[in-house]
Structure formats: structure tokens, C-alpha cells
>>> print(open('upload_15.txt').read())   # compact mmCIF, C-alpha atoms
# COMPACT_ATOMS: atom_id res chain seq x y z
CA MET A 1 28.38 -10.60 1.27
CA VAL A 2 25.75 -8.47 -0.47
CA ASP A 3 23.97 -5.64 1.35
CA LEU A 4 20.16 -5.82 1.10
CA ASN A 5 19.55 -2.70 3.19
CA THR A 6 17.32 -0.01 1.75
CA THR A 7 15.28 2.99 2.84
CA TYR A 8 11.58 3.69 2.43
CA MET A 9 9.92 6.96 3.44
CA GLY A 10 13.00 7.74 5.52
CA LEU A 11 12.77 4.41 7.37
CA THR A 12 15.69 1.99 7.33
CA LEU A 13 14.83 -1.55 6.21
CA LYS A 14 17.16 -4.54 6.35
CA ASN A 15 15.82 -5.61 2.96
CA PRO A 16 13.24 -4.32 0.44
CA VAL A 17 10.61 -7.07 0.91
CA MET A 18 7.58 -5.91 2.86
CA VAL A 19 4.39 -7.77 3.70
CA SER A 20 1.43 -5.73 2.54
CA SER A 21 -1.74 -5.12 4.51
CA CYS A 22 -3.60 -8.43 4.83
CA SER A 23 -5.00 -10.89 7.36
CA LEU A 24 -1.47 -12.25 7.93
CA SER A 25 -0.66 -9.02 9.74
CA ASN A 26 -3.86 -8.62 11.79
CA SER A 27 -2.41 -9.93 15.06
CA ILE A 28 0.72 -9.55 17.14
CA ASP A 29 1.50 -13.22 16.60
CA GLY A 30 1.17 -12.77 12.85
CA VAL A 31 3.47 -9.76 12.86
CA CYS A 32 6.06 -11.68 14.90
CA LYS A 33 6.00 -14.55 12.39
CA ILE A 34 6.45 -12.11 9.53
CA ALA A 35 9.43 -10.48 11.26
CA SER A 36 11.03 -13.81 12.19
CA ILE A 37 10.93 -15.07 8.61
CA GLY A 38 12.97 -12.07 7.46
CA ALA A 39 10.61 -9.40 6.07
CA GLY A 40 12.05 -5.89 5.91
CA ALA A 41 8.83 -4.25 7.15
CA VAL A 42 5.16 -5.02 7.66
CA VAL A 43 1.96 -3.14 6.87
CA LEU A 44 -0.75 -4.00 9.36
CA LYS A 45 -4.20 -5.13 8.31
CA SER A 46 -6.27 -2.06 7.44
CA LEU A 47 -8.72 -0.33 9.71
CA PHE A 48 -11.74 0.38 7.50
CA GLU A 49 -13.77 3.56 7.47
CA GLU A 50 -16.94 1.48 7.32
CA GLN A 51 -16.07 -0.03 10.70
CA LEU A 52 -16.15 3.38 12.27
CA ASP A 53 -19.20 4.47 10.34
CA ILE A 54 -21.29 1.43 11.32
CA GLU A 55 -20.37 1.66 14.99
CA THR A 56 -21.12 5.37 15.07
CA ARG A 57 -24.49 4.86 13.40
CA GLU A 58 -25.38 2.20 15.98
CA ILE A 59 -24.61 4.64 18.80
CA GLU A 60 -26.66 7.37 17.12
CA ARG A 61 -29.59 5.01 16.62
CA TYR A 62 -29.47 4.00 20.28
CA ILE A 63 -29.26 7.44 21.84
CA GLY A 64 -31.40 9.29 19.30
CA HIS A 65 -31.19 13.01 18.57
CA SER A 66 -33.27 14.21 21.51
CA TRP A 67 -30.21 14.35 23.77
CA HIS A 68 -28.49 17.58 24.58
CA THR A 69 -26.01 18.40 21.78
CA GLU A 70 -22.90 18.16 23.95
CA ALA A 71 -24.06 14.87 25.49
CA PHE A 72 -24.90 13.50 22.05
CA ASP A 73 -21.46 14.43 20.69
CA TYR A 74 -19.74 12.96 23.74
CA VAL A 75 -21.45 9.58 23.49
CA ARG A 76 -21.10 9.56 19.69
CA ASN A 77 -17.37 10.13 20.01
CA MET A 78 -17.20 7.28 22.51
CA GLY A 79 -18.70 5.07 19.81
CA MET A 80 -16.07 6.25 17.36
CA GLN A 81 -13.37 5.13 19.79
CA LEU A 82 -14.55 1.53 19.85
CA GLY A 83 -13.40 0.61 16.34
CA PRO A 84 -9.79 1.70 16.51
CA ASN A 85 -9.03 0.78 20.11
CA ASN A 86 -8.05 -2.79 19.28
CA TYR A 87 -6.15 -1.52 16.29
CA LEU A 88 -4.13 0.83 18.47
CA LYS A 89 -3.38 -2.08 20.79
CA LEU A 90 -2.17 -4.06 17.78
CA ILE A 91 0.22 -1.27 16.85
CA GLU A 92 1.52 -0.95 20.40
CA GLY A 93 1.96 -4.71 20.80
CA ALA A 94 3.64 -5.12 17.41
CA LYS A 95 6.11 -2.33 18.12
CA LYS A 96 7.08 -3.95 21.41
CA SER A 97 7.48 -7.36 19.80
CA VAL A 98 9.46 -6.75 16.59
CA SER A 99 12.33 -4.56 15.47
CA ILE A 100 11.27 -4.07 11.85
CA PRO A 101 9.23 -0.99 10.84
CA VAL A 102 5.51 -1.34 11.53
CA ILE A 103 3.29 0.64 9.18
CA ALA A 104 -0.38 1.15 9.97
CA SER A 105 -3.01 1.11 7.23
CA LEU A 106 -6.24 3.09 7.02
CA ASN A 107 -8.74 2.13 4.36
CA CYS A 108 -10.75 5.23 3.66
CA ILE A 109 -13.08 6.78 1.09
CA SER A 110 -13.61 10.22 2.64
CA PRO A 111 -11.64 12.69 4.78
CA ARG A 112 -14.17 12.97 7.59
CA TRP A 113 -12.84 10.54 10.24
CA TRP A 114 -9.20 10.13 9.68
CA SER A 115 -7.19 13.06 10.99
CA GLU A 116 -8.19 12.28 14.59
CA TYR A 117 -7.38 8.60 14.27
CA ALA A 118 -4.19 9.13 12.32
CA LYS A 119 -2.83 11.07 15.28
CA LYS A 120 -3.74 8.21 17.61
CA VAL A 121 -2.03 5.77 15.27
CA GLU A 122 1.10 7.88 15.47
CA ASN A 123 0.90 8.09 19.25
CA ALA A 124 0.51 4.30 19.43
CA GLY A 125 3.96 3.99 17.90
CA ALA A 126 3.45 3.29 14.20
CA ASP A 127 6.57 4.02 12.15
CA GLY A 128 4.50 5.10 9.17
CA LEU A 129 1.00 5.22 7.78
CA GLU A 130 -0.37 3.84 4.53
CA LEU A 131 -3.59 5.34 3.21
CA ASN A 132 -5.50 2.75 1.24
CA ILE A 133 -7.97 5.05 -0.49
CA ALA A 134 -10.41 2.67 -2.15
CA TYR A 135 -12.88 5.03 -3.77
CA LEU A 136 -14.93 3.74 -6.71
CA PRO A 137 -16.03 6.70 -8.87
CA VAL A 138 -19.57 5.71 -9.81
CA ASP A 139 -21.18 9.15 -9.35
CA PHE A 140 -22.12 10.44 -12.82
CA GLU A 141 -22.15 14.00 -11.52
CA ARG A 142 -18.55 13.91 -10.26
CA ASP A 143 -15.81 14.47 -12.80
CA SER A 144 -12.21 13.22 -12.67
CA ARG A 145 -10.87 16.34 -10.97
CA GLU A 146 -13.37 16.00 -8.14
CA VAL A 147 -12.40 12.36 -7.70
CA GLU A 148 -8.72 13.24 -7.49
CA ASN A 149 -9.49 15.97 -4.95
CA ILE A 150 -10.89 13.32 -2.59
CA TYR A 151 -7.44 11.73 -2.47
CA TYR A 152 -5.72 15.07 -1.97
CA GLN A 153 -8.09 16.09 0.83
CA ILE A 154 -7.70 12.84 2.74
CA MET A 155 -3.93 12.90 2.52
CA GLU A 156 -3.53 16.59 3.32
CA LYS A 157 -5.91 16.41 6.26
CA ILE A 158 -3.83 13.61 7.76
CA LYS A 159 -0.47 15.19 6.92
CA GLU A 160 -1.53 18.26 8.89
CA VAL A 161 -1.67 16.33 12.15
CA VAL A 162 1.01 13.61 11.97
CA HIS A 163 4.78 13.66 11.75
CA ILE A 164 5.30 10.06 10.68
CA PRO A 165 5.71 9.40 6.93
CA VAL A 166 2.56 8.80 4.91
CA ALA A 167 2.23 6.56 1.85
CA VAL A 168 -0.78 6.58 -0.46
CA LYS A 169 -1.83 3.28 -2.03
CA ILE A 170 -3.71 3.92 -5.24
CA GLY A 171 -5.30 2.03 -8.08
CA SER A 172 -4.40 2.52 -11.72
CA TYR A 173 -7.77 3.84 -12.89
CA PHE A 174 -6.98 7.50 -13.41
CA SER A 175 -7.28 9.41 -16.66
CA SER A 176 -3.85 11.01 -16.20
CA LEU A 177 -1.99 8.81 -13.77
CA ALA A 178 1.39 10.52 -14.17
CA SER A 179 -0.06 13.94 -13.36
CA PHE A 180 -2.05 12.55 -10.44
CA ALA A 181 1.00 10.80 -8.97
CA GLU A 182 3.11 13.91 -9.31
CA GLU A 183 0.46 16.00 -7.59
CA LEU A 184 0.21 13.56 -4.66
CA SER A 185 3.98 13.77 -4.33
CA ARG A 186 3.95 17.56 -4.55
CA ARG A 187 1.28 17.79 -1.87
CA GLY A 188 3.33 15.77 0.59
CA ALA A 189 2.98 12.02 0.01
CA ASN A 190 6.17 10.33 1.21
CA ALA A 191 5.53 7.30 -0.98
CA LEU A 192 3.10 5.87 -3.50
CA VAL A 193 2.20 2.18 -3.51
CA LEU A 194 1.48 0.96 -7.05
CA PHE A 195 -1.03 -0.57 -7.22
CA ASN A 196 -4.00 -1.33 -5.07
CA ARG A 197 -5.61 -4.58 -6.17
CA PHE A 198 -9.31 -4.05 -5.53
CA TYR A 199 -11.40 -6.98 -4.45
CA GLN A 200 -13.39 -8.32 -7.38
CA ILE A 201 -17.00 -9.37 -7.53
CA ASP A 202 -18.56 -12.22 -9.51
CA VAL A 203 -22.00 -13.59 -10.31
CA ASP A 204 -23.34 -16.98 -9.23
CA ILE A 205 -25.42 -18.03 -12.24
CA GLU A 206 -27.04 -20.96 -10.41
CA ASN A 207 -28.34 -18.97 -7.44
CA ILE A 208 -28.60 -15.76 -9.50
CA SER A 209 -26.73 -13.75 -6.90
CA LEU A 210 -23.48 -11.95 -6.32
CA LYS A 211 -20.44 -13.72 -4.97
CA SER A 212 -16.82 -12.92 -4.27
CA GLY A 213 -14.47 -13.09 -7.23
CA TYR A 214 -10.92 -14.44 -7.26
CA GLN A 215 -8.93 -12.27 -4.87
CA LEU A 216 -5.30 -13.37 -5.12
CA SER A 217 -3.03 -11.82 -7.71
CA ARG A 218 -1.22 -13.72 -10.45
CA SER A 219 2.39 -13.20 -11.42
CA GLU A 220 1.26 -12.01 -14.87
CA GLU A 221 -0.22 -8.90 -13.25
CA ILE A 222 3.23 -7.50 -12.50
CA GLY A 223 3.28 -5.69 -15.85
CA LEU A 224 1.12 -2.77 -14.73
CA PRO A 225 3.11 -1.72 -11.61
CA LEU A 226 6.34 -2.49 -13.47
CA ARG A 227 5.51 -0.07 -16.28
CA TRP A 228 4.35 2.77 -14.07
CA ILE A 229 7.19 2.49 -11.58
CA ALA A 230 9.61 2.68 -14.49
CA LEU A 231 7.78 5.72 -15.90
CA LEU A 232 7.58 7.60 -12.59
CA SER A 233 10.96 6.69 -11.09
CA ASP A 234 13.26 9.74 -10.79
CA ARG A 235 10.45 11.98 -12.05
CA ILE A 236 8.53 12.46 -8.84
CA GLN A 237 10.00 13.25 -5.44
CA CYS A 238 8.42 10.54 -3.30
CA ASP A 239 9.42 6.88 -2.94
CA LEU A 240 7.70 4.15 -4.92
CA ALA A 241 6.61 0.73 -3.68
CA GLY A 242 5.64 -2.07 -6.04
CA SER A 243 2.54 -4.12 -5.30
CA THR A 244 0.44 -6.70 -7.20
CA GLY A 245 1.80 -9.65 -9.14
CA ILE A 246 5.10 -9.91 -7.25
CA HIS A 247 5.37 -13.59 -6.37
CA ASP A 248 9.05 -14.52 -6.36
CA GLY A 249 12.61 -13.29 -6.46
CA THR A 250 12.43 -12.59 -10.19
CA GLY A 251 9.48 -10.26 -9.68
CA VAL A 252 11.21 -8.46 -6.83
CA ILE A 253 14.31 -7.84 -8.95
CA LYS A 254 12.21 -6.55 -11.86
CA ILE A 255 10.40 -4.03 -9.65
CA LEU A 256 13.67 -2.83 -8.11
CA LEU A 257 15.27 -2.50 -11.54
CA ALA A 258 12.28 -0.38 -12.58
CA GLY A 259 13.04 2.02 -9.71
CA ALA A 260 11.01 1.03 -6.65
CA LYS A 261 12.49 1.39 -3.20
CA VAL A 262 10.57 -1.61 -1.85
CA VAL A 263 8.16 -4.32 -2.91
CA GLN A 264 5.04 -5.48 -1.11
CA VAL A 265 4.08 -9.15 -1.24
CA CYS A 266 0.84 -10.81 -0.19
CA SER A 267 -0.81 -13.33 -2.54
CA THR A 268 2.34 -15.41 -2.88
CA LEU A 269 2.40 -15.84 0.91
CA TYR A 270 -1.12 -17.27 0.88
CA LYS A 271 -0.15 -19.61 -1.94
CA ASN A 272 3.30 -20.64 -0.72
CA GLY A 273 3.46 -19.76 2.98
CA LEU A 274 5.60 -17.23 4.81
CA GLN A 275 8.75 -19.18 3.94
CA GLN A 276 8.41 -17.66 0.47
CA ILE A 277 10.01 -14.52 1.93
CA GLU A 278 13.17 -16.46 2.71
CA GLN A 279 13.26 -17.91 -0.79
CA ILE A 280 12.79 -14.47 -2.33
CA LEU A 281 15.63 -13.00 -0.28
CA ASP A 282 17.94 -15.91 -1.07
CA TYR A 283 17.23 -15.51 -4.77
CA LEU A 284 17.79 -11.75 -4.62
CA ALA A 285 21.12 -12.15 -2.81
CA ALA A 286 22.30 -14.84 -5.24
CA TRP A 287 21.32 -12.72 -8.26
CA MET A 288 23.16 -9.69 -6.86
CA LYS A 289 26.26 -11.78 -6.23
CA GLU A 290 26.11 -13.24 -9.74
CA HIS A 291 25.82 -9.77 -11.29
CA LYS A 292 28.43 -8.31 -8.95
CA PHE A 293 26.12 -5.84 -7.21
CA GLU A 294 27.07 -5.19 -3.61
CA SER A 295 24.02 -3.09 -2.72
CA ILE A 296 20.45 -2.45 -3.87
CA GLU A 297 21.29 1.10 -4.91
CA GLN A 298 23.81 -0.12 -7.46
CA PHE A 299 21.06 -1.53 -9.66
CA ARG A 300 17.85 0.15 -8.51
CA GLY A 301 16.22 1.96 -11.44
CA LYS A 302 18.64 0.57 -14.05
CA VAL A 303 15.78 -0.08 -16.49
CA SER A 304 13.58 2.88 -15.54
CA GLN A 305 12.55 5.16 -18.38
CA SER A 306 14.99 7.83 -17.27
CA GLN A 307 17.95 5.44 -17.49
CA ILE A 308 17.20 2.92 -20.23
CA GLU A 309 18.75 3.35 -23.67
CA LYS A 310 15.38 3.30 -25.47
CA PRO A 311 12.95 5.11 -23.12
CA GLU A 312 10.13 4.96 -25.67
CA LEU A 313 9.78 1.23 -25.02
CA TRP A 314 8.02 1.93 -21.74
CA GLU A 315 5.38 4.09 -23.46
CA ARG A 316 4.43 2.18 -26.57
CA LEU A 317 1.31 0.15 -25.84
CA GLN A 318 0.06 -1.38 -29.07
CA TYR A 319 3.37 -1.67 -30.90
CA ILE A 320 5.49 -3.24 -28.17
CA LYS A 321 5.61 -6.52 -30.13
CA ALA A 322 7.44 -4.87 -33.01
CA LEU A 323 9.74 -2.96 -30.70
CA VAL A 324 10.97 -5.80 -28.53
CA ASP A 325 10.17 -8.74 -30.82
CA ILE A 326 7.44 -10.34 -28.73
CA GLU A 327 5.68 -13.22 -30.50
>>> encode(input="upload_15.txt", output="C-alpha cells")
Amino acid sequence: MVDLNTTYMGLTLKNPVMVSSCSLSNSIDGVCKIASIGAGAVVLKSLFEEQLDIETREIERYIGHSWHTEAFDYVRNMGMQLGPNNYLKLIEGAKKSVSIPVIASLNCISPRWWSEYAKKVENAGADGLELNIAYLPVDFERDSREVENIYYQIMEKIKEVVHIPVAVKIGSYFSSLASFAEELSRRGANALVLFNRFYQIDVDIENISLKSGYQLSRSEEIGLPLRWIALLSDRIQCDLAGSTGIHDGTGVIKILLAGAKVVQVCSTLYKNGLQQIEQILDYLAAWMKEHKFESIEQFRGKVSQSQIEKPELWERLQYIKALVDIE
């Protein structure tokens, strides 16, 4: 019997397959289904900063600025409570209903709201917190260092007030990703989730308007998180989680071999249903048995840059065909 147990951010998971933040995890019933099908952990659907901002603006518009300052702040803060109240109830209900780790998710683009709510998330019982920092750097006056500082400020502000582990989910669009990842780790991130798959936009040429682009990942997209997990594994202090393009047992094994502690799946569940988790776990167990691995740790990171015989293969971008004989 193979042992699929692993750890992530100090949490014990019965297996390394997590369900990432999505609409499948936006209700207690959804979380229960995810747990019953065998997932090792679940990340709840994100609470968005815009939700808080819109509700607060509505309160401010209603009460105006002619109120006494203390009264204005009191009612404004009441408005800020409305957004996360249901989210806190989701956390509380999920924790009572399942035994797997429940990780909350905050989707934020600035540090202004989140320290207060992060503490409430912790008090509601969340086992961990994932910061989905979805900032698009379109300000021509803001250089790369200023953009990176936004991430640092959000994370550090939250780390000051909570004791639960904090993961940061990032995109790949950074000029020096290795340095940025190391700095997040140094400043206290317990894990990095690689990578955030930002929602895409498209153009409707008939109506001459914007429309939503294709949102689900494809298995071919696994190459980007695979490369960077392999490059960062054993070189930064925090855990790594693979996300984007992981659709089956083969993808899960690849990400673990690269050095990740866990994998997060989402698109494959929309395409194939929650039973895909069972199939992934069965495939993983069978592969481990075939290769005579009794635990995840026996093969985790085996092909990371720090352990592979030819580490330069992970770095060469344009000449990879010649190096590994790709047609």
C-alpha cells in the first residue's frame, strides 16, 4: 500500500491533490462533495476586493459626508462587514462539515482592506489563507519594483495579524521571477502557488464589443508551472503548489517530480466532473507502486534543477530542441 500523505504550509494532507479556488467550492455542499470524492484539501472561492469596495461606496453614497466623522466611520464599517459575512459563514460551515484542510482565498489588488478581514477569516476557522493578488500593471508611471512592492505590502500586512499559514498565488509576468519568488519567501510567505491563470478577454467582431475569452486551462499549459517549480524547488524556503494545466494523473506526477508539495486542479473538474479526482489518485497510486515508491517524498523533486543530472536543461529556452531532441 502506497502512502499518499503530504504536508503543505505545515498542514497535513491525506494526498497532494487540492481543489483550487473556483465556483465548485463556493458552498458548503460543494466543499462536502469535494471532500467526499477524495481531495486532500480545498481552497474556497475567493472573496474579491471589489465586492467590499462596491458595497462600501454604496454606503458612502447613501449617507454622504455631512455626517459626524465617527458616525460616518461606524456606518461605513458596517457596510464593509456585509461582503465577508457570508464568506465567514462558509468557512465556519465548511470546517464543521469536512475533515480536510479548508483554505480561504482573498482576491486583492491593494493592501487597504485585508488585514482586518484576514483576522476574521482566521477566527472563522480557516486552516490557511491564499492571497490571490491579481494586479495588472498598466500604470506607465509605476516601475517593476513598485509593482512588486504591492505584493509585499499586502502579504506583510496580513502576516502581521494572522497566525495561520499564508500562500501567495502569483502570475508569471515578472521581469525577475526567481528574485521575486525568493523575496516573497524571505518576507514570510508559507507557500507560492504557480501560477495564477488570469481570466482572458476577447472581442466580438459582429457586435464590436468585448466578451469573455476562453477561461479553462489546457493540459499543454503545464509547461510554465513545471519549469518554474523545478527551478525554484530547494532554492527558496517556502512550499510550492502547482496550478494551471494539471488535468490528469500524469500532470500531477510531473509537478511532484519537479518539486511541488501539492497540486491544485480546477479546469479538469469542469470538463470531467469531480470524479476526475478519484481517477487522478488511482493513477498516482498505481504509478508509485509500479516504480516502487512507498511515499510522495521518495520521488518529490527528482527532476528539479537541483537534482537532475543536466540542470541546464531547465534554463535553455530557444535551444531545448537540440538538447532533448524534440522534433
>>> closest_residue(input="upload_15.txt", among="A:Leu90, A:Ala286, A:Val121, A:Leu231", to="A:Ile253", atoms="only C-alpha atoms")
A:Ala286
>>> atom_distance(input="upload_15.txt", atom1="atom CA of A:Val102", atom2="atom CA of A:Leu47")
14.4 Å
>>> closest_residue(input="upload_15.txt", among="A:Arg227, A:Lys289, A:Lys211, A:Lys159", to="A:Gly188", atoms="all atoms listed in the file")
A:Lys159
>>> residues_around(input="upload_15.txt", residues="stretch 137-144 of chain A", least_positions_apart="2", cutoff="8 Å", atoms="all atoms listed in the file", output="ChimeraX atom specification")
/A:135,146-148,174-175
>>> residues_around(input="upload_15.txt", residues="A:Asn190", least_positions_apart="6", cutoff="7 Å", atoms="all atoms listed in the file", output="number ranges by chain")
A: 9, 165-167, 238-239
>>> atom_distance(input="upload_15.txt", atom1="atom CA of A:Ser212", atom2="atom CA of A:Gln276")
26.1 Å
>>> atom_distance(input="upload_15.txt", atom1="atom CA of A:Cys22", atom2="atom CA of A:Asp204")
25.7 Å
>>> closest_residue(input="upload_15.txt", among="A:Ile100, A:Ile109, A:Ala118, A:Cys32", to="A:Pro84", atoms="all atoms listed in the file")
A:Ala118
>>> closest_residue(input="upload_15.txt", among="A:Leu44, A:Leu13, A:Val265, A:Leu232", to="A:Ile28", atoms="all atoms listed in the file")
A:Leu44
>>> closest_residue(input="upload_15.txt", among="A:Met288, A:Ala181, A:Leu281, A:Leu256", to="A:Gly40", atoms="all atoms listed in the file")
A:Leu281
>>> closest_residue(input="upload_15.txt", among="A:Lys119, A:Lys45, A:Arg187, A:Lys33", to="A:Val98", atoms="only C-alpha atoms")
A:Lys33
>>> residues_around(input="upload_15.txt", residues="stretch 307-311 of chain A", least_positions_apart="2", cutoff="10 Å", atoms="only C-alpha atoms", output="list in words")
Ala230, Leu231, Ser233, Asp234, Ala258, Gly259, Gly301, Lys302, Val303, Ser304, Gln305, Leu313, Trp314, Glu315, Arg316 and Leu323 of chain A
>>> write_last_selection(input="upload_15.txt", atoms="C-alpha atoms", output="mmCIF file, keeping the file's coordinate frame")
data_model
loop_
_atom_site.group_PDB
_atom_site.id
_atom_site.type_symbol
_atom_site.label_atom_id
_atom_site.label_comp_id
_atom_site.auth_asym_id
_atom_site.auth_seq_id
_atom_site.Cartn_x
_atom_site.Cartn_y
_atom_site.Cartn_z
ATOM 1 C CA ALA A 230 9.610 2.680 -14.490
ATOM 2 C CA LEU A 231 7.780 5.720 -15.900
ATOM 3 C CA SER A 233 10.960 6.690 -11.090
ATOM 4 C CA ASP A 234 13.260 9.740 -10.790
ATOM 5 C CA ALA A 258 12.280 -0.380 -12.580
ATOM 6 C CA GLY A 259 13.040 2.020 -9.710
ATOM 7 C CA GLY A 301 16.220 1.960 -11.440
ATOM 8 C CA LYS A 302 18.640 0.570 -14.050
ATOM 9 C CA VAL A 303 15.780 -0.080 -16.490
ATOM 10 C CA SER A 304 13.580 2.880 -15.540
ATOM 11 C CA GLN A 305 12.550 5.160 -18.380
ATOM 12 C CA LEU A 313 9.780 1.230 -25.020
ATOM 13 C CA TRP A 314 8.020 1.930 -21.740
ATOM 14 C CA GLU A 315 5.380 4.090 -23.460
ATOM 15 C CA ARG A 316 4.430 2.180 -26.570
ATOM 16 C CA LEU A 323 9.740 -2.960 -30.700
#
>>> decode(input="upload_15.txt", residues="stretch 120-142 of chain A", atoms="N, CA and C atoms", output="PDB file, in the first residue's frame")
ATOM      1  N   LYS A 120     -10.475  37.976  10.659  1.00  0.00           N
ATOM      2  CA  LYS A 120     -11.802  37.374  10.787  1.00  0.00           C
ATOM      3  C   LYS A 120     -11.857  36.010  10.113  1.00  0.00           C
ATOM      4  N   VAL A 121     -11.168  35.897   9.002  1.00  0.00           N
ATOM      5  CA  VAL A 121     -11.074  34.598   8.318  1.00  0.00           C
ATOM      6  C   VAL A 121     -10.414  33.569   9.231  1.00  0.00           C
ATOM      7  N   GLU A 122      -9.356  33.984   9.887  1.00  0.00           N
ATOM      8  CA  GLU A 122      -8.679  33.093  10.820  1.00  0.00           C
ATOM      9  C   GLU A 122      -9.600  32.709  11.973  1.00  0.00           C
ATOM     10  N   ASN A 123     -10.294  33.682  12.514  1.00  0.00           N
ATOM     11  CA  ASN A 123     -11.200  33.414  13.639  1.00  0.00           C
ATOM     12  C   ASN A 123     -12.370  32.519  13.232  1.00  0.00           C
ATOM     13  N   ALA A 124     -12.738  32.552  11.953  1.00  0.00           N
ATOM     14  CA  ALA A 124     -13.834  31.710  11.467  1.00  0.00           C
ATOM     15  C   ALA A 124     -13.416  30.252  11.353  1.00  0.00           C
ATOM     16  N   GLY A 125     -12.115  29.994  11.439  1.00  0.00           N
ATOM     17  CA  GLY A 125     -11.647  28.618  11.456  1.00  0.00           C
ATOM     18  C   GLY A 125     -10.849  28.155  10.263  1.00  0.00           C
ATOM     19  N   ALA A 126     -10.541  29.046   9.325  1.00  0.00           N
ATOM     20  CA  ALA A 126      -9.771  28.634   8.147  1.00  0.00           C
ATOM     21  C   ALA A 126      -8.419  28.068   8.565  1.00  0.00           C
ATOM     22  N   ASP A 127      -8.013  26.992   7.911  1.00  0.00           N
ATOM     23  CA  ASP A 127      -6.724  26.369   8.216  1.00  0.00           C
ATOM     24  C   ASP A 127      -5.566  27.132   7.595  1.00  0.00           C
ATOM     25  N   GLY A 128      -5.847  27.877   6.555  1.00  0.00           N
ATOM     26  CA  GLY A 128      -4.825  28.657   5.873  1.00  0.00           C
ATOM     27  C   GLY A 128      -5.479  29.716   5.019  1.00  0.00           C
ATOM     28  N   LEU A 129      -4.657  30.553   4.422  1.00  0.00           N
ATOM     29  CA  LEU A 129      -5.158  31.667   3.625  1.00  0.00           C
ATOM     30  C   LEU A 129      -4.333  31.757   2.348  1.00  0.00           C
ATOM     31  N   GLU A 130      -5.021  31.863   1.232  1.00  0.00           N
ATOM     32  CA  GLU A 130      -4.351  32.043  -0.053  1.00  0.00           C
ATOM     33  C   GLU A 130      -4.651  33.440  -0.574  1.00  0.00           C
ATOM     34  N   LEU A 131      -3.609  34.209  -0.827  1.00  0.00           N
ATOM     35  CA  LEU A 131      -3.763  35.554  -1.368  1.00  0.00           C
ATOM     36  C   LEU A 131      -3.640  35.495  -2.880  1.00  0.00           C
ATOM     37  N   ASN A 132      -4.748  35.756  -3.534  1.00  0.00           N
ATOM     38  CA  ASN A 132      -4.783  35.752  -4.990  1.00  0.00           C
ATOM     39  C   ASN A 132      -4.636  37.203  -5.431  1.00  0.00           C
ATOM     40  N   ILE A 133      -3.402  37.639  -5.590  1.00  0.00           N
ATOM     41  CA  ILE A 133      -3.132  39.052  -5.872  1.00  0.00           C
ATOM     42  C   ILE A 133      -3.126  39.246  -7.386  1.00  0.00           C
ATOM     43  N   ALA A 134      -4.247  39.716  -7.902  1.00  0.00           N
ATOM     44  CA  ALA A 134      -4.436  39.818  -9.352  1.00  0.00           C
ATOM     45  C   ALA A 134      -4.295  41.271  -9.794  1.00  0.00           C
ATOM     46  N   TYR A 135      -3.069  41.761  -9.754  1.00  0.00           N
ATOM     47  CA  TYR A 135      -2.816  43.155 -10.114  1.00  0.00           C
ATOM     48  C   TYR A 135      -2.250  43.216 -11.529  1.00  0.00           C
ATOM     49  N   LEU A 136      -2.900  43.983 -12.398  1.00  0.00           N
ATOM     50  CA  LEU A 136      -2.428  44.154 -13.763  1.00  0.00           C
ATOM     51  C   LEU A 136      -1.663  45.475 -13.859  1.00  0.00           C
ATOM     52  N   PRO A 137      -0.361  45.428 -14.098  1.00  0.00           N
ATOM     53  CA  PRO A 137       0.461  46.645 -14.073  1.00  0.00           C
ATOM     54  C   PRO A 137       0.342  47.461 -15.354  1.00  0.00           C
ATOM     55  N   VAL A 138      -0.665  48.300 -15.430  1.00  0.00           N
ATOM     56  CA  VAL A 138      -0.892  49.101 -16.638  1.00  0.00           C
ATOM     57  C   VAL A 138      -0.555  50.578 -16.425  1.00  0.00           C
ATOM     58  N   ASP A 139      -0.053  50.919 -15.250  1.00  0.00           N
ATOM     59  CA  ASP A 139       0.324  52.299 -14.946  1.00  0.00           C
ATOM     60  C   ASP A 139       1.726  52.566 -15.501  1.00  0.00           C
ATOM     61  N   PHE A 140       1.836  53.465 -16.479  1.00  0.00           N
ATOM     62  CA  PHE A 140       3.122  53.757 -17.107  1.00  0.00           C
ATOM     63  C   PHE A 140       4.101  54.429 -16.146  1.00  0.00           C
ATOM     64  N   GLU A 141       3.583  54.995 -15.088  1.00  0.00           N
ATOM     65  CA  GLU A 141       4.446  55.699 -14.137  1.00  0.00           C
ATOM     66  C   GLU A 141       4.972  54.784 -13.036  1.00  0.00           C
ATOM     67  N   ARG A 142       4.538  53.547 -13.012  1.00  0.00           N
ATOM     68  CA  ARG A 142       4.921  52.630 -11.928  1.00  0.00           C
ATOM     69  C   ARG A 142       5.875  51.570 -12.485  1.00  0.00           C
TER      70      ARG A 142
END
